[in-house]
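Step one of this worksheet: look at the structure below.
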Amino acid sequence: MIPVTKPYLPNREAYEAYVKDIWQRGWLTNSGPLVNELEANLSTYLGIPNVLLLNNGTIALQIALKALDIKGEVITTPFSYVATTSSIAWEGSKPVFVDIDPETLNLDPNKIESAITPNTRAILATHVYGNPCDVEKIDAIAKKHNLKVIYDAAHAFGTMYKGKSLYAYGDISTASFHATKLFHTIEGGAVITENAALSAKMGLLRNFGHTSPYSFDGAGINGKTSEFHAAMGLLVLKDISQIIAKRKELSDRYTDKLAGTVVKRPVIFDKANTTYNYAYYPVLFPSEQILLQVMKDLEKHQIYSRRYFYPSLNTINYVDQVPCPVSEDICTRVLCLPLYFTLTIEELDMVTRVIKDTLSRN
Ligand SMILES: *Cc1c(COP(=O)(O)O)cnc(C)c1O
């Protein structure tokens with residue numbers, strides 16, 4: 001069986017050594033030493049001073065919206081995971097969808113301004129598959145109209161843009177460290193910002209608003225993560241360069257093997273200034289019918305791919321449904337192929353053989 005993804009598992013003895021230490025300390029959660037160590041290590045790795053670990057990437061989006069006092073309309077992308085949209089609605093704001101660029105599959109900056117109204121407060125865009133949004137254009141629009149910018153950077157771990165971590169752009173970047181992501185803490189996430197005051201505010205929000213055991217500043221929530229999750233993160237972070245190198249090698253082989261077919265790929269934004277993280281391997285088929293046939297044929301060989309993303313978020317039942325023709329079209333044709341650290345060359349070649357075989361019959 002070839003799944004679409006497998007969580008990266010570090011050395012088990014090393015994890016057990018951490019567990020032994022946790023047992024000895026008896027300190028399981030609430031800003032324990034491993035959580036603090038992982039925040040410091042991530043801060044160093046990313047080159048950004050303020051990294052706050054959280055229990056997942058959805059809470060990260062909600063805390064980011066709360067910290068920036070966003071209430072009103074939020075311009076966002078229809079081509080993302082549902083949490084990007086649901087977090088806006090959950091925080092009592094209105095998601096306003098702007099279509100995507102047909103090549104990068106990220107929010108199209110040229111379509112943002114016509115969607116701005118007096119009620120617009122923020123732009124929430126996703127760096128889809130780890131491919132950078134046009135951060136400079138988005139920043140210029142936000143400044144001009146006095147809007148906040150949040151990046152759903154759940155896919156962006158390890159991507160660099162213009163010499164900096166992609167997390168360095170916008171007012172706040174949110175990360176997901178879910179088991180299926182490139183870097184993970186089993187469940188987990190983070191809010192990352194270069195603004196120390198904003199980070200301090202989010203620190204309160206993640207811990208019920210506690211300023212001391214018996215005093216509070218504002219309504220917070222429980223966004224804390226545990227020592228066990230941090231231990232996993234410390235070990236995965238140690239191996240991160242190997243993890244990214246392996247994904248690059250596998251992605252390059254997919255590209256070689258699928259060259260000359262009708263399969264298309266998203267285009268990396270500003271390639272000369274981007275160091276990509278190879279978080280996913282999405283492909284675009286000419287039609288939904290071919291995509292469904294490919295999925296079916298892969299499943300006959302016990303190979304599982306994922307329609308990611310599907311459906312287009314402007315079509316779900318709790319939003320104001322406006323047409324986003326590019327996103328709706330891409331959603332019917334995009335498929336993520338298996339990509340994970342232990343995927344072998346032989347398995348990858350089998351995936352591409354099945355795809356090519358299907359294409360030759362359609
Ligand atoms: C995974 C993901 C999330 C949600 O993160 P969780 O840690 O699973 O809550 C949000 N947005 C995008 C784009 C994601 O891929």
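Residues are named by chain letter and number: chains run A, B, ... in the order of the structure tokens, numbers start at 1 in each chain, and ligands are numbered from 1 in the order shown.
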Could I get the residue neighbourhood of ligand 1 at 7 Å, counting only C-alpha atoms and all ligand atoms, as number ranges by chain? A: 56-59, 80-84, 126, 128, 152-155, 176-178, 187-189
Which residues come within 10 Å of Thr159 in chain A, counting only C-alpha atoms, excluding same-chain residues fewer than 5 positions away, as a PyMOL selection string? chain A and resi 46+127+130-132+153+164-167+244+274-279
Go ahead and write the selection's residues with N, CA, C and O atoms as a PDB file, in the first residue's frame.
```pdb
ATOM      1  N   LEU A  46      14.469  29.507  11.924  1.00  0.00           N
ATOM      2  CA  LEU A  46      13.709  30.369  11.020  1.00  0.00           C
ATOM      3  C   LEU A  46      14.285  31.777  10.927  1.00  0.00           C
ATOM      4  O   LEU A  46      13.958  32.526  10.000  1.00  0.00           O
ATOM      5  N   HIS A 127       0.000  30.357   1.555  1.00  0.00           N
ATOM      6  CA  HIS A 127       1.143  30.007   0.690  1.00  0.00           C
ATOM      7  C   HIS A 127       0.922  28.549   0.261  1.00  0.00           C
ATOM      8  O   HIS A 127       1.418  27.609   0.895  1.00  0.00           O
ATOM      9  N   GLY A 130       3.371  25.511  -0.066  1.00  0.00           N
ATOM     10  CA  GLY A 130       4.679  26.069   0.282  1.00  0.00           C
ATOM     11  C   GLY A 130       5.227  27.043  -0.736  1.00  0.00           C
ATOM     12  O   GLY A 130       6.356  27.516  -0.612  1.00  0.00           O
ATOM     13  N   ASN A 131       4.411  27.366  -1.753  1.00  0.00           N
ATOM     14  CA  ASN A 131       4.803  28.294  -2.813  1.00  0.00           C
ATOM     15  C   ASN A 131       4.464  29.717  -2.355  1.00  0.00           C
ATOM     16  O   ASN A 131       3.319  29.976  -1.992  1.00  0.00           O
ATOM     17  N   PRO A 132       5.428  30.653  -2.369  1.00  0.00           N
ATOM     18  CA  PRO A 132       5.143  31.977  -1.800  1.00  0.00           C
ATOM     19  C   PRO A 132       4.040  32.724  -2.541  1.00  0.00           C
ATOM     20  O   PRO A 132       3.977  32.725  -3.769  1.00  0.00           O
ATOM     21  N   ALA A 153       0.399  29.925   6.720  1.00  0.00           N
ATOM     22  CA  ALA A 153       1.674  29.388   6.251  1.00  0.00           C
ATOM     23  C   ALA A 153       1.834  27.927   6.677  1.00  0.00           C
ATOM     24  O   ALA A 153       2.949  27.454   6.902  1.00  0.00           O
ATOM     25  N   LYS A 164      14.890  35.258   3.327  1.00  0.00           N
ATOM     26  CA  LYS A 164      14.263  35.159   4.646  1.00  0.00           C
ATOM     27  C   LYS A 164      13.248  34.020   4.655  1.00  0.00           C
ATOM     28  O   LYS A 164      12.690  33.674   3.613  1.00  0.00           O
ATOM     29  N   SER A 165      12.985  33.476   5.837  1.00  0.00           N
ATOM     30  CA  SER A 165      11.893  32.508   5.948  1.00  0.00           C
ATOM     31  C   SER A 165      10.611  33.166   5.460  1.00  0.00           C
ATOM     32  O   SER A 165      10.356  34.337   5.738  1.00  0.00           O
ATOM     33  N   LEU A 166       9.790  32.389   4.771  1.00  0.00           N
ATOM     34  CA  LEU A 166       8.509  32.909   4.293  1.00  0.00           C
ATOM     35  C   LEU A 166       7.624  33.343   5.472  1.00  0.00           C
ATOM     36  O   LEU A 166       6.760  34.212   5.324  1.00  0.00           O
ATOM     37  N   TYR A 167       7.872  32.760   6.650  1.00  0.00           N
ATOM     38  CA  TYR A 167       7.121  33.141   7.859  1.00  0.00           C
ATOM     39  C   TYR A 167       7.392  34.593   8.274  1.00  0.00           C
ATOM     40  O   TYR A 167       6.692  35.123   9.124  1.00  0.00           O
ATOM     41  N   ILE A 244      13.824  17.553   3.858  1.00  0.00           N
ATOM     42  CA  ILE A 244      13.591  18.412   2.684  1.00  0.00           C
ATOM     43  C   ILE A 244      14.386  17.887   1.480  1.00  0.00           C
ATOM     44  O   ILE A 244      13.868  17.848   0.360  1.00  0.00           O
ATOM     45  N   THR A 274      13.154  32.354  -4.707  1.00  0.00           N
ATOM     46  CA  THR A 274      12.470  31.402  -3.823  1.00  0.00           C
ATOM     47  C   THR A 274      13.296  30.133  -3.651  1.00  0.00           C
ATOM     48  O   THR A 274      13.763  29.564  -4.632  1.00  0.00           O
ATOM     49  N   THR A 275      13.482  29.721  -2.405  1.00  0.00           N
ATOM     50  CA  THR A 275      14.009  28.379  -2.137  1.00  0.00           C
ATOM     51  C   THR A 275      12.824  27.564  -1.650  1.00  0.00           C
ATOM     52  O   THR A 275      12.302  27.790  -0.560  1.00  0.00           O
ATOM     53  N   TYR A 276      12.399  26.620  -2.489  1.00  0.00           N
ATOM     54  CA  TYR A 276      11.162  25.886  -2.239  1.00  0.00           C
ATOM     55  C   TYR A 276      11.391  24.740  -1.247  1.00  0.00           C
ATOM     56  O   TYR A 276      12.494  24.191  -1.177  1.00  0.00           O
ATOM     57  N   ASN A 277      10.314  24.368  -0.530  1.00  0.00           N
ATOM     58  CA  ASN A 277      10.452  23.315   0.497  1.00  0.00           C
ATOM     59  C   ASN A 277       9.964  21.925   0.056  1.00  0.00           C
ATOM     60  O   ASN A 277      10.076  20.974   0.810  1.00  0.00           O
ATOM     61  N   TYR A 278       9.390  21.829  -1.113  1.00  0.00           N
ATOM     62  CA  TYR A 278       8.921  20.529  -1.646  1.00  0.00           C
ATOM     63  C   TYR A 278       7.911  19.851  -0.709  1.00  0.00           C
ATOM     64  O   TYR A 278       7.932  18.642  -0.502  1.00  0.00           O
ATOM     65  N   ALA A 279       6.991  20.670  -0.171  1.00  0.00           N
ATOM     66  CA  ALA A 279       6.033  20.160   0.813  1.00  0.00           C
ATOM     67  C   ALA A 279       5.044  19.155   0.207  1.00  0.00           C
ATOM     68  O   ALA A 279       4.608  18.234   0.896  1.00  0.00           O
TER      69      ALA A 279
END
```
Using only C-alpha atoms, which residues of range 69-93 of chain A come within 10 Å of range 318-326 of chain A, and what is the closest atom pair for each, with the distance in Å to one decimal? Give it as CSV, sorted by chain and residue number.
```
residue,atom,partner,partner_atom,distance
A:Thr77,CA,A:Cys324,CA,9.4
A:Pro78,CA,A:Cys324,CA,7.5
A:Phe79,CA,A:Val326,CA,9.4
A:Thr85,CA,A:Val319,CA,8.6
A:Ser86,CA,A:Tyr318,CA,8.9
A:Ala89,CA,A:Val319,CA,8.2
```
Please identify the strand (DSSP E or B) residues within range 94-130 of chain A (assignment by DSSP from backbone atoms) and present them as a ChimeraX atom specification. /A:94-97,100,107,120-126
If you count only C-alpha atoms, the residue of A:Ala140, A:Glu13, A:Tyr129, A:Ala230 closest to Asn110 in chain A turns out to be A:Ala140
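Backbone DSSP assigns alpha helix (DSSP H) in range 304-354 of chain A to Pro325, Val326, Ser327, Glu328, Asp329, Ile330, Cys331, Thr332, Arg333, Ile345, Glu346, Glu347, Leu348, Asp349, Met350, Val351, Thr352, Arg353 and Val354 of chain A.
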For Arg121 in chain A, find every residue with an atom within 12 Å (counting only C-alpha atoms), except residues of its own chain fewer than 5 positions away, and show them as a ChimeraX atom specification. /A:65,68-76,88,93-96,115-116,142-143,145-150
Could you turn the residues from that selection into a file that holds C-alpha atoms, as a PDB file, in the first residue's frame?
```
ATOM      1  CA  LEU A  65      -7.318  37.031  13.906  1.00  0.00           C
ATOM      2  CA  LEU A  68      -5.206  41.789  15.426  1.00  0.00           C
ATOM      3  CA  ASP A  69      -8.795  42.603  16.548  1.00  0.00           C
ATOM      4  CA  ILE A  70     -10.189  41.613  13.164  1.00  0.00           C
ATOM      5  CA  LYS A  71     -13.986  41.994  12.977  1.00  0.00           C
ATOM      6  CA  GLY A  72     -15.463  42.660   9.569  1.00  0.00           C
ATOM      7  CA  GLU A  73     -14.604  41.422   6.097  1.00  0.00           C
ATOM      8  CA  VAL A  74     -11.490  39.369   5.492  1.00  0.00           C
ATOM      9  CA  ILE A  75     -10.263  38.927   1.953  1.00  0.00           C
ATOM     10  CA  THR A  76      -9.158  35.343   1.500  1.00  0.00           C
ATOM     11  CA  ILE A  88     -12.585  33.609   9.774  1.00  0.00           C
ATOM     12  CA  SER A  93     -15.860  37.840  10.483  1.00  0.00           C
ATOM     13  CA  LYS A  94     -16.956  37.414   6.900  1.00  0.00           C
ATOM     14  CA  PRO A  95     -14.730  35.589   4.400  1.00  0.00           C
ATOM     15  CA  VAL A  96     -14.652  37.492   1.093  1.00  0.00           C
ATOM     16  CA  ALA A 115     -12.980  43.362  -3.409  1.00  0.00           C
ATOM     17  CA  ILE A 116     -12.055  45.937  -0.756  1.00  0.00           C
ATOM     18  CA  ALA A 142      -2.498  46.316   2.656  1.00  0.00           C
ATOM     19  CA  LYS A 143      -0.504  49.444   3.506  1.00  0.00           C
ATOM     20  CA  HIS A 145      -5.820  50.470   2.482  1.00  0.00           C
ATOM     21  CA  ASN A 146      -4.717  50.106   6.114  1.00  0.00           C
ATOM     22  CA  LEU A 147      -5.367  46.352   6.272  1.00  0.00           C
ATOM     23  CA  LYS A 148      -3.688  43.654   8.338  1.00  0.00           C
ATOM     24  CA  VAL A 149      -2.050  40.687   6.604  1.00  0.00           C
ATOM     25  CA  ILE A 150      -2.106  37.151   7.975  1.00  0.00           C
TER      26      ILE A 150
END
```
